[in-house]
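upload-v6.txt, holding compact mmCIF, C-alpha atoms:
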# COMPACT_ATOMS: atom_id res chain seq x y z
CA MET X 4 -35.52 -6.06 -6.12
CA LYS X 5 -32.90 -8.79 -6.11
CA VAL X 6 -31.07 -9.19 -2.79
CA PRO X 7 -27.84 -11.01 -1.84
CA ALA X 8 -28.37 -14.73 -1.25
CA THR X 9 -26.77 -17.14 1.20
CA ILE X 10 -24.82 -19.87 -0.60
CA ALA X 11 -23.57 -23.20 0.80
CA ILE X 12 -20.08 -24.01 -0.50
CA LYS X 13 -17.66 -26.92 -0.36
CA LEU X 14 -14.07 -26.58 -1.56
CA ASN X 15 -11.55 -29.08 -2.82
CA LYS X 16 -9.07 -30.31 -0.21
CA THR X 17 -6.22 -28.01 -1.24
CA ALA X 18 -8.38 -24.87 -1.09
CA GLU X 19 -10.01 -25.96 2.17
CA ARG X 20 -6.57 -26.36 3.75
CA ALA X 21 -5.45 -22.94 2.43
CA VAL X 22 -8.52 -21.16 3.85
CA LYS X 23 -8.08 -22.92 7.20
CA GLN X 24 -4.48 -21.68 7.23
CA GLY X 25 -5.70 -18.12 6.72
CA HIS X 26 -5.64 -17.54 2.97
CA PRO X 27 -8.42 -15.11 1.99
CA TRP X 28 -9.00 -16.14 -1.64
CA VAL X 29 -11.04 -18.97 -3.15
CA PHE X 30 -10.53 -19.39 -6.88
CA GLU X 31 -13.34 -20.45 -9.19
CA GLN X 32 -11.74 -23.84 -9.94
CA SER X 33 -11.34 -24.60 -6.21
CA ILE X 34 -15.09 -24.78 -5.61
CA GLU X 35 -16.15 -28.42 -5.54
CA LYS X 36 -19.78 -27.97 -4.62
CA ALA X 37 -22.02 -24.93 -5.00
CA PRO X 38 -25.60 -24.59 -6.16
CA GLU X 39 -26.11 -23.38 -9.71
CA THR X 40 -26.50 -19.72 -8.96
CA ASN X 41 -26.71 -16.32 -10.49
CA ALA X 42 -26.37 -14.82 -7.01
CA LEU X 43 -25.54 -11.15 -6.66
CA ALA X 44 -22.03 -9.96 -5.90
CA GLY X 45 -21.74 -9.75 -2.13
CA SER X 46 -23.91 -12.80 -1.43
CA LEU X 47 -22.77 -14.59 1.72
CA CYS X 48 -20.91 -17.86 1.16
CA VAL X 49 -20.99 -20.35 4.02
CA ILE X 50 -18.03 -22.71 3.56
CA PHE X 51 -18.56 -26.20 4.95
CA ASP X 52 -15.85 -28.61 6.08
CA GLN X 53 -15.76 -31.64 3.77
CA ARG X 54 -15.29 -34.10 6.64
CA THR X 55 -17.48 -32.71 9.43
CA ASN X 56 -20.01 -30.88 7.24
CA LYS X 57 -19.82 -27.88 9.62
CA PRO X 58 -19.15 -24.25 8.62
CA PHE X 59 -15.57 -23.05 9.20
CA ALA X 60 -15.37 -19.82 7.15
CA PHE X 61 -17.53 -17.18 5.50
CA GLY X 62 -16.89 -15.15 2.37
CA LEU X 63 -18.52 -12.86 -0.18
CA TRP X 64 -19.44 -14.09 -3.68
CA ASP X 65 -17.82 -12.31 -6.63
CA PRO X 66 -19.37 -13.77 -9.81
CA GLU X 67 -17.28 -11.72 -12.26
CA GLU X 68 -13.84 -12.59 -10.85
CA ILE X 69 -11.54 -15.63 -10.95
CA ILE X 70 -11.21 -15.16 -7.18
CA ARG X 71 -14.83 -16.19 -6.79
CA ILE X 72 -15.07 -16.02 -2.98
CA LYS X 73 -13.29 -13.49 -0.78
CA ILE X 74 -13.08 -14.56 2.87
CA ILE X 75 -14.30 -12.11 5.53
CA PHE X 76 -14.41 -14.33 8.62
CA LYS X 77 -12.91 -17.59 9.89
CA GLY X 78 -15.16 -19.37 12.38
CA GLY X 79 -18.25 -21.51 12.75
CA ARG X 80 -20.96 -18.85 13.16
CA LEU X 81 -21.63 -15.47 11.60
CA GLN X 82 -24.52 -13.03 11.58
CA LEU X 83 -23.90 -10.57 8.77
CA ASN X 84 -25.31 -7.45 10.42
CA THR X 85 -24.19 -4.01 11.58
CA GLU X 86 -22.70 -5.42 14.79
CA PHE X 87 -20.47 -7.72 12.76
CA TRP X 88 -19.09 -4.85 10.66
CA LYS X 89 -18.58 -2.76 13.81
CA SER X 90 -16.56 -5.59 15.34
CA GLN X 91 -14.43 -5.98 12.19
CA LEU X 92 -13.73 -2.23 12.05
CA LYS X 93 -12.88 -2.06 15.74
CA ALA X 94 -10.33 -4.87 15.26
CA ALA X 95 -8.77 -3.02 12.30
CA TYR X 96 -8.65 0.28 14.19
CA SER X 97 -6.96 -1.32 17.20
CA LYS X 98 -3.92 -2.27 15.07
CA ARG X 99 -3.35 1.43 14.29
CA GLU X 100 -3.76 2.85 17.80
CA LEU X 101 -0.02 3.14 18.50
CA LEU X 102 0.54 5.11 15.28
CA ILE X 103 -2.39 7.39 16.04
CA HIS X 104 -1.16 7.83 19.63
CA ASN X 105 2.22 8.92 18.20
CA GLY X 106 0.55 11.82 16.37
CA VAL X 107 0.39 10.28 12.89
CA THR X 108 -2.72 11.67 11.18
CA GLY X 109 -2.19 10.02 7.78
CA TYR X 110 -2.48 6.23 7.93
CA ARG X 111 -4.08 3.20 6.30
CA GLY X 112 -7.21 2.41 8.28
CA ILE X 113 -8.26 -0.72 6.36
CA HIS X 114 -5.69 -2.81 4.48
CA GLY X 115 -7.97 -5.00 2.39
CA GLU X 116 -7.78 -8.76 2.95
CA ASN X 117 -5.31 -8.29 5.80
CA ASP X 118 -8.05 -6.65 7.87
CA ASP X 119 -10.76 -9.04 6.61
CA PHE X 120 -12.10 -6.45 4.15
CA PRO X 121 -11.01 -8.00 0.82
CA GLY X 122 -10.94 -5.50 -2.02
CA LEU X 123 -11.42 -2.48 0.23
CA ILE X 124 -8.87 0.16 1.25
CA LEU X 125 -9.37 3.04 3.66
CA ASP X 126 -6.69 5.70 3.95
CA VAL X 127 -7.21 8.37 6.60
CA TYR X 128 -5.93 11.93 6.21
CA ALA X 129 -6.78 13.92 9.36
CA LYS X 130 -10.60 13.99 9.43
CA ILE X 131 -10.98 12.78 5.83
CA GLY X 132 -11.19 9.13 4.80
CA VAL X 133 -10.57 7.96 1.24
CA LEU X 134 -12.39 4.68 0.64
CA LYS X 135 -11.10 2.85 -2.43
CA ILE X 136 -13.23 0.01 -3.74
CA TYR X 137 -11.74 -2.83 -5.79
CA SER X 138 -14.69 -5.26 -5.85
CA ASP X 139 -18.45 -5.29 -6.46
CA ILE X 140 -18.88 -7.46 -3.34
CA TRP X 141 -19.13 -4.27 -1.26
CA LYS X 142 -22.18 -2.86 -3.02
CA PRO X 143 -24.80 -4.38 -0.65
CA TYR X 144 -22.90 -3.21 2.45
CA LEU X 145 -21.54 0.16 1.42
CA GLU X 146 -24.05 2.40 3.20
CA VAL X 147 -23.70 0.68 6.57
CA LEU X 148 -19.91 0.59 6.18
CA ILE X 149 -19.71 4.31 5.40
CA THR X 150 -21.70 5.09 8.57
CA GLU X 151 -19.65 2.77 10.77
CA ILE X 152 -16.27 3.80 9.28
CA LYS X 153 -17.04 7.46 9.96
CA ALA X 154 -17.89 6.61 13.58
CA GLN X 155 -14.95 4.26 14.27
CA TYR X 156 -12.28 6.48 12.67
CA ASP X 157 -13.84 9.78 13.78
CA LEU X 158 -14.15 11.12 10.24
CA GLU X 159 -16.10 14.13 8.98
CA THR X 160 -15.94 13.20 5.32
CA ILE X 161 -15.45 10.14 3.13
CA VAL X 162 -14.22 10.37 -0.47
CA ILE X 163 -15.16 7.40 -2.67
CA ARG X 164 -12.55 6.13 -5.14
CA PHE X 165 -12.74 3.11 -7.44
CA SER X 166 -10.20 0.79 -9.02
CA ARG X 167 -9.80 1.25 -12.75
CA LYS X 168 -11.68 -1.99 -13.42
CA ILE X 169 -14.68 -1.04 -11.26
CA ALA X 170 -14.73 2.51 -12.67
CA GLN X 171 -15.02 1.18 -16.24
CA ASN X 172 -18.38 -0.43 -15.44
CA ASN X 173 -19.47 1.42 -12.31
CA THR X 174 -22.79 0.18 -10.95
CA PHE X 175 -22.31 1.71 -7.50
CA PRO X 176 -24.59 4.60 -6.45
CA TYR X 177 -21.56 6.94 -6.34
CA GLN X 178 -19.26 8.42 -8.95
CA GLU X 179 -15.47 8.48 -8.71
CA GLY X 180 -14.43 11.16 -6.19
CA ALA X 181 -17.89 11.43 -4.59
CA ILE X 182 -17.88 13.24 -1.23
CA ILE X 183 -20.02 11.93 1.63
CA GLY X 184 -20.38 14.02 4.79
CA GLN X 185 -19.03 17.52 5.24
CA PRO X 186 -18.14 19.19 1.92
CA LEU X 187 -14.46 19.81 1.17
CA SER X 188 -13.33 23.34 0.33
CA SER X 189 -10.48 21.65 -1.59
CA GLU X 190 -9.56 18.07 -2.46
CA LYS X 191 -6.13 18.91 -0.99
CA VAL X 192 -6.03 17.70 2.61
CA ALA X 193 -3.06 18.24 4.96
CA PHE X 194 -1.93 15.50 7.34
CA GLU X 195 1.12 14.90 9.52
CA GLU X 196 3.67 12.18 10.26
CA TYR X 197 6.52 12.59 12.74
CA GLY X 198 6.55 16.38 12.55
CA VAL X 199 6.31 16.62 8.76
CA LYS X 200 3.17 17.73 6.93
CA PHE X 201 2.00 16.65 3.49
CA TYR X 202 -0.93 17.29 1.21
CA ALA X 203 -3.01 14.37 -0.03
CA TYR X 204 -4.91 14.99 -3.26
CA THR X 205 -7.91 12.96 -2.19
CA GLN X 206 -9.91 13.00 -5.45
CA SER X 207 -7.28 13.11 -8.19
CA GLY X 208 -4.07 11.74 -6.61
CA HIS X 209 -2.61 8.28 -7.32
CA LYS X 210 -4.29 5.47 -5.34
CA THR X 211 -5.90 7.43 -2.48
CA GLY X 212 -3.85 10.62 -2.79
CA PHE X 213 -0.55 9.70 -1.10
CA PHE X 214 1.77 6.73 -0.57
CA LEU X 215 1.74 6.07 3.18
CA ASP X 216 3.64 2.80 3.32
CA GLN X 217 7.24 4.11 3.48
CA ARG X 218 6.55 6.15 6.62
CA PRO X 219 9.04 4.37 8.98
CA ASN X 220 11.83 4.73 6.42
CA ARG X 221 11.03 8.40 5.90
CA LEU X 222 11.44 8.85 9.65
CA TRP X 223 14.82 7.06 9.53
CA VAL X 224 15.93 9.47 6.80
CA GLN X 225 14.84 12.45 8.90
CA GLN X 226 16.79 11.13 11.88
CA HIS X 227 20.00 10.53 9.88
CA ALA X 228 19.99 13.41 7.37
CA LYS X 229 21.70 16.17 9.38
CA GLY X 230 24.41 17.81 7.28
CA LYS X 231 24.00 15.25 4.49
CA ARG X 232 23.73 15.67 0.73
CA VAL X 233 20.61 13.67 -0.17
CA LEU X 234 19.44 12.26 -3.51
CA ASP X 235 15.82 11.08 -3.70
CA VAL X 236 15.03 9.11 -6.87
CA PHE X 237 11.39 8.49 -7.91
CA SER X 238 10.70 11.21 -5.39
CA TYR X 239 7.01 11.63 -6.31
CA VAL X 240 5.65 14.45 -4.08
CA GLY X 241 8.75 14.67 -1.89
CA GLY X 242 8.10 12.18 0.92
CA PHE X 243 11.67 11.09 1.68
CA GLY X 244 13.23 14.36 0.65
CA ILE X 245 11.09 16.61 2.83
CA HIS X 246 11.84 14.40 5.83
CA ALA X 247 15.53 14.84 4.96
CA LEU X 248 15.18 18.63 4.85
CA LYS X 249 13.24 18.52 8.13
CA GLY X 250 16.23 16.65 9.56
CA ASN X 251 18.55 19.51 8.44
CA ALA X 252 20.04 17.91 5.36
CA LYS X 253 22.68 20.06 3.71
CA SER X 254 21.03 19.67 0.28
CA LEU X 255 18.33 17.69 -1.50
CA THR X 256 18.19 16.63 -5.14
CA SER X 257 14.87 15.07 -6.23
CA ILE X 258 14.31 13.10 -9.43
CA ASP X 259 10.84 12.28 -10.78
CA ILE X 260 9.50 12.05 -14.30
CA SER X 261 6.33 13.97 -13.35
CA GLN X 262 6.47 17.76 -13.30
CA HIS X 263 3.11 17.72 -11.52
CA ALA X 264 4.65 15.63 -8.73
CA MET X 265 7.45 18.20 -8.45
CA ASP X 266 4.87 20.98 -8.20
CA VAL X 267 3.13 19.19 -5.34
CA ALA X 268 6.53 18.58 -3.68
CA SER X 269 7.08 22.34 -3.86
CA GLU X 270 3.71 22.84 -2.12
CA ASN X 271 4.75 20.36 0.57
CA ILE X 272 8.05 22.17 1.15
CA ALA X 273 6.15 25.44 1.56
CA LEU X 274 3.64 23.72 3.87
CA ASN X 275 6.53 22.79 6.18
CA LYS X 276 8.10 26.29 6.00
CA ILE X 277 11.37 24.74 4.82
CA ASP X 278 14.12 26.64 3.00
CA ALA X 279 13.56 25.70 -0.66
CA SER X 280 17.02 27.02 -1.66
CA LYS X 281 18.51 23.68 -0.53
CA TRP X 282 16.34 21.82 -3.04
CA THR X 283 17.21 20.90 -6.63
CA PRO X 284 14.27 19.30 -8.48
CA MET X 285 14.92 17.30 -11.66
CA ALA X 286 11.80 16.41 -13.67
CA ALA X 287 13.37 13.66 -15.76
CA ASP X 288 13.52 9.93 -16.46
CA ALA X 289 15.35 8.40 -13.49
CA PHE X 290 17.75 6.28 -15.56
CA VAL X 291 18.73 9.24 -17.74
CA ALA X 292 19.13 11.59 -14.77
CA LEU X 293 21.25 9.09 -12.80
CA ASN X 294 23.61 8.63 -15.74
CA GLU X 295 23.90 12.42 -16.06
CA LEU X 296 24.80 12.77 -12.38
CA ILE X 297 27.38 9.99 -12.68
CA ALA X 298 28.90 11.75 -15.72
CA GLN X 299 29.13 14.91 -13.59
CA LYS X 300 30.90 12.87 -10.86
CA ALA X 301 28.22 13.94 -8.35
CA GLN X 302 28.39 12.37 -4.89
CA PHE X 303 25.75 12.13 -2.16
CA ASP X 304 25.80 11.02 1.47
CA MET X 305 22.38 9.43 1.15
CA VAL X 306 20.88 7.97 -2.03
CA ILE X 307 17.24 6.78 -1.87
CA ILE X 308 15.78 4.81 -4.78
CA ASP X 309 12.14 3.80 -4.28
CA PRO X 310 10.58 3.08 -7.70
CA PRO X 311 7.00 2.08 -8.54
CA SER X 312 6.25 -1.62 -8.95
CA PHE X 313 8.06 -3.04 -11.95
CA ALA X 314 6.38 -6.48 -11.68
CA LYS X 315 2.60 -6.32 -11.57
CA GLN X 316 2.35 -9.84 -12.99
CA ALA X 317 4.50 -12.98 -13.04
CA SER X 318 5.59 -12.46 -16.65
CA GLU X 319 7.29 -9.18 -15.65
CA VAL X 320 9.53 -10.56 -12.88
CA VAL X 321 12.62 -11.12 -15.08
CA SER X 322 12.51 -7.64 -16.64
CA ALA X 323 11.72 -6.08 -13.24
CA SER X 324 14.76 -7.77 -11.69
CA LYS X 325 16.94 -6.30 -14.44
CA GLN X 326 15.47 -2.82 -13.81
CA TYR X 327 16.12 -3.08 -10.05
CA GLU X 328 19.68 -4.27 -10.70
CA ARG X 329 20.29 -1.43 -13.16
CA LEU X 330 19.05 1.12 -10.61
CA ALA X 331 21.22 -0.41 -7.87
CA ARG X 332 24.30 -0.24 -10.13
CA LEU X 333 23.62 3.39 -11.00
CA GLY X 334 22.74 4.40 -7.45
CA LYS X 335 25.86 2.93 -5.87
CA GLU X 336 28.08 5.02 -8.15
CA LEU X 337 26.65 8.18 -6.57
CA VAL X 338 27.18 7.24 -2.92
CA ALA X 339 30.05 8.99 -1.16
CA THR X 340 32.38 7.09 1.20
CA LYS X 341 30.54 6.23 4.45
CA GLY X 342 27.31 7.19 2.69
CA THR X 343 24.02 5.27 2.74
CA LEU X 344 22.20 3.62 -0.16
CA ILE X 345 18.49 2.92 0.44
CA LEU X 346 16.82 0.62 -2.09
CA GLY X 347 13.07 -0.06 -2.05
CA SER X 348 10.75 -2.42 -3.90
CA CYS X 349 6.94 -2.59 -3.83
CA SER X 350 6.71 -5.63 -6.13
CA SER X 351 5.07 -8.48 -4.20
CA ARG X 352 6.35 -10.99 -6.77
CA ILE X 353 9.95 -10.16 -5.82
CA SER X 354 10.75 -11.45 -2.33
CA LEU X 355 13.20 -9.92 0.13
CA GLU X 356 15.63 -12.74 -0.69
CA ASP X 357 15.26 -12.07 -4.43
CA PHE X 358 15.84 -8.36 -3.82
CA GLU X 359 19.01 -9.08 -1.83
CA LYS X 360 20.30 -11.33 -4.66
CA ILE X 361 19.63 -8.56 -7.19
CA HIS X 362 21.85 -6.24 -5.13
CA GLN X 363 24.54 -8.89 -4.86
CA ASN X 364 24.46 -9.17 -8.66
CA ALA X 365 24.93 -5.39 -8.73
CA LYS X 366 28.12 -5.88 -6.67
CA ILE X 367 26.68 -4.35 -3.50
CA THR X 368 28.48 -6.84 -1.26
CA SER X 369 30.95 -6.83 1.64
CA ALA X 370 33.65 -7.97 -0.80
CA ASN X 371 33.01 -4.77 -2.74
CA GLY X 372 33.14 -2.54 0.32
CA TRP X 373 29.43 -2.43 1.22
CA LYS X 374 27.88 -3.12 4.61
CA TYR X 375 24.31 -4.43 4.90
CA LEU X 376 22.79 -2.21 7.61
CA HIS X 377 19.22 -3.48 7.93
CA HIS X 378 15.95 -4.01 6.09
CA THR X 379 12.34 -3.05 6.81
CA LEU X 380 9.01 -4.46 5.69
CA HIS X 381 5.53 -3.16 6.59
CA ASP X 382 4.39 -0.69 9.24
CA ASP X 383 1.52 -1.38 11.68
CA ASP X 384 -1.10 0.11 9.36
CA HIS X 385 -0.14 -2.30 6.56
CA PRO X 386 -0.51 -5.65 8.38
CA ILE X 387 0.35 -8.75 6.34
CA THR X 388 -1.58 -12.00 6.78
CA PHE X 389 -0.86 -13.94 3.57
CA PRO X 390 2.14 -14.17 1.21
CA GLU X 391 0.73 -12.36 -1.83
CA SER X 392 0.16 -9.18 0.17
CA ASN X 393 3.76 -8.98 1.40
CA TYR X 394 4.89 -6.44 -1.18
CA LEU X 395 7.11 -3.82 0.49
CA LYS X 396 10.78 -4.29 1.30
CA THR X 397 13.52 -1.71 1.76
CA ILE X 398 17.21 -2.43 2.31
CA PHE X 399 19.80 -0.04 3.76
CA TYR X 400 23.48 -0.31 2.82
CA GLN X 401 26.56 1.68 3.84
CA LYS X 402 29.54 2.30 1.59
CA GLY X 403 32.88 1.51 3.26
So, in terms of structure tokens, how does the structure I just supplied come out?
Amino acid sequence: MKVPATIAIKLNKTAERAVKQGHPWVFEQSIEKAPETNALAGSLCVIFDQRTNKPFAFGLWDPEEIIRIKIIFKGGRLQLNTEFWKSQLKAAYSKRELLIHNGVTGYRGIHGENDDFPGLILDVYAKIGVLKIYSDIWKPYLEVLITEIKAQYDLETIVIRFSRKIAQNNTFPYQEGAIIGQPLSSEKVAFEEYGVKFYAYTQSGHKTGFFLDQRPNRLWVQQHAKGKRVLDVFSYVGGFGIHALKGNAKSLTSIDISQHAMDVASENIALNKIDASKWTPMAADAFVALNELIAQKAQFDMVIIDPPSFAKQASEVVSASKQYERLARLGKELVATKGTLILGSCSSRISLEDFEKIHQNAKITSANGWKYLHHTLHDDDHPITFPESNYLKTIFYQKG
């Protein structure tokens, strides 16, 4: 049986500098010297300094991808064994300890490259971990990782999920949604954040079953929602809105194109024993629904607009910027005097500065009676170590 090899690598000067500065990707064209190889995905790459001829980083070989080497360790020595993976997992876990200490039972346990596990995501929901795999490099190490992840994160069960690309040609020993460990009576797993409970659909839900990254902003909404009329646009399964209701909002209107998402939001409201009579769900296209509310002269004390990524690639940035501006223009029309407008973006190709300019173009400026309150980026469980992973930004404005 073919086993992963160990490959000596030298990079061109630009790539060598980037890796030394902490970038986790080595592109195919950046490799200056490597043996002719048909090495297996996951083979260990030892990257040598051009000048000193000494190792300075280690990565895993990905023969099918343009990002040919994915860095797992910066340093001069590495033994790729169980102790190494334990050490990497312990370091990742330590970044989440404050969240866990604060009673959050749904969190990202491994954030890919940013935790030195490129192409691997672990989201934890209570005692269940959902491990999403985006690269074949993990095939040789999956069994030991499953064992060590269960131990480090105190999990009873791991659910295996795959990226669309991996799923299309799956050569792993598991199928999509495979359950390892204690069986699940249902894929629906309850978890908690800041006094609010949600269900994660661990086998069929988007990504790993829930979007955890807006947690701090959901808490802000809970803390500021008392007596407020709240509009949650692209509400998905009710994250922001249920926090608002938990914070004693006067009313909640949710807009999402997916009726299924609305059904799950209803389950989440019931899970929290919240009065559903305050809730108005609208299963509709967000742009259409916002225009309808404007035509009705509706007003809200808090308007939250947190759409999916509009710019998954560079060619989409211009159209995405127009979509964000259009949403900002529509949203601001619905904010009552002294009300709050919360605008989110999860497009890594649109920077915080770009996002602010988009809002200025939408006339959300001090000259137009708007106050910039603050912005947020990533929570502790979504650490950011290189520019391309810095995707989330949310800006809070107040209408004068």
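Note that CA of Lys210 in chain X and CA of Glu270 in chain X are 19.4 Å apart.
Using only C-alpha atoms, the contacts of Lys153 in chain X at a cut-off of 12 Å, with sequence neighbours closer than 2 positions omitted, comprise Lys89, Leu92, Lys93, Tyr96, Gly112, Leu125, Val127, Lys130, Ile131, Gly132, Val133, Leu134, Glu146, Val147, Leu148, Ile149, Thr150, Glu151, Gln155, Tyr156, Asp157, Leu158, Glu159, Thr160, Ile161, Val162, Ile183, Gly184 and Gln185 of chain X.
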Next item on the list: Go through X:Tyr128, X:Phe87, X:Tyr137, X:Trp64 one by one, measure the shortest atom-to-atom distance of each to Phe194 in chain X using only C-alpha atoms, and give the residue with the smallest value.
Entry: X:Tyr128
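Contact shell of Leu63 in chain X at 7 Å (all atoms listed in the file; same-chain neighbours under 6 positions omitted): Gly45, Ser46, Leu47, Cys48, Ile72, Lys73, Ile74 and Ile140 of chain X.
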Margin query: Show me, as a ChimeraX atom specification, the residues that have an atom within 10 Å of Ser166 in chain X when counting all atoms listed in the file, minus same-chain residues fewer than 5 positions from it.
Written below: /X:122-123,135-138,171,173,179,210
Next item on the list: With a distance cut-off of 9 Å and all atoms listed in the file, select the neighbouring residues of Tyr110 in chain X, excluding the residue or stretch itself and same-chain residues fewer than 3 positions from it, and output the selection as a PyMOL selection string.
Entry: chain X and resi 99+102-103+107+125-129+196+215-216+384-385
Would you save the residues of that selection, restricted to C-alpha atoms, as a PDB file, in the frame of the given file?
ATOM      1  CA  ARG X  99      -3.350   1.430  14.290  1.00  0.00           C
ATOM      2  CA  LEU X 102       0.540   5.110  15.280  1.00  0.00           C
ATOM      3  CA  ILE X 103      -2.390   7.390  16.040  1.00  0.00           C
ATOM      4  CA  VAL X 107       0.390  10.280  12.890  1.00  0.00           C
ATOM      5  CA  LEU X 125      -9.370   3.040   3.660  1.00  0.00           C
ATOM      6  CA  ASP X 126      -6.690   5.700   3.950  1.00  0.00           C
ATOM      7  CA  VAL X 127      -7.210   8.370   6.600  1.00  0.00           C
ATOM      8  CA  TYR X 128      -5.930  11.930   6.210  1.00  0.00           C
ATOM      9  CA  ALA X 129      -6.780  13.920   9.360  1.00  0.00           C
ATOM     10  CA  GLU X 196       3.670  12.180  10.260  1.00  0.00           C
ATOM     11  CA  LEU X 215       1.740   6.070   3.180  1.00  0.00           C
ATOM     12  CA  ASP X 216       3.640   2.800   3.320  1.00  0.00           C
ATOM     13  CA  ASP X 384      -1.100   0.110   9.360  1.00  0.00           C
ATOM     14  CA  HIS X 385      -0.140  -2.300   6.560  1.00  0.00           C
TER      15      HIS X 385
END
Notebook entry, point to check: Contacts of Tyr375 in chain X at 12 Å or less, counting all atoms listed in the file, minus same-chain residues fewer than 5 places along, as a PyMOL selection string?
Noted result: chain X and resi 343-346+359+362-363+367-370+397-403
Residues of range 106-170 of chain X that approach range 5-26 of chain X to 12 Å or less, counting only C-alpha atoms: could you list each one with the shortest pair of atoms and its distance in Å to one decimal, rows by chain and increasing residue number, as JSON lines?
{"residue": "X:Glu116", "atom": "CA", "partner": "X:His26", "partner_atom": "CA", "distance": 9.0}
{"residue": "X:Asn117", "atom": "CA", "partner": "X:His26", "partner_atom": "CA", "distance": 9.7}
{"residue": "X:Asp118", "atom": "CA", "partner": "X:Gly25", "partner_atom": "CA", "distance": 11.8}
{"residue": "X:Asp119", "atom": "CA", "partner": "X:Gly25", "partner_atom": "CA", "distance": 10.4}
{"residue": "X:Pro121", "atom": "CA", "partner": "X:His26", "partner_atom": "CA", "distance": 11.2}
{"residue": "X:Asp139", "atom": "CA", "partner": "X:Pro7", "partner_atom": "CA", "distance": 11.9}
{"residue": "X:Ile140", "atom": "CA", "partner": "X:Pro7", "partner_atom": "CA", "distance": 9.8}
{"residue": "X:Trp141", "atom": "CA", "partner": "X:Pro7", "partner_atom": "CA", "distance": 11.0}
{"residue": "X:Lys142", "atom": "CA", "partner": "X:Pro7", "partner_atom": "CA", "distance": 10.0}
{"residue": "X:Pro143", "atom": "CA", "partner": "X:Pro7", "partner_atom": "CA", "distance": 7.4}
{"residue": "X:Tyr144", "atom": "CA", "partner": "X:Pro7", "partner_atom": "CA", "distance": 10.2}
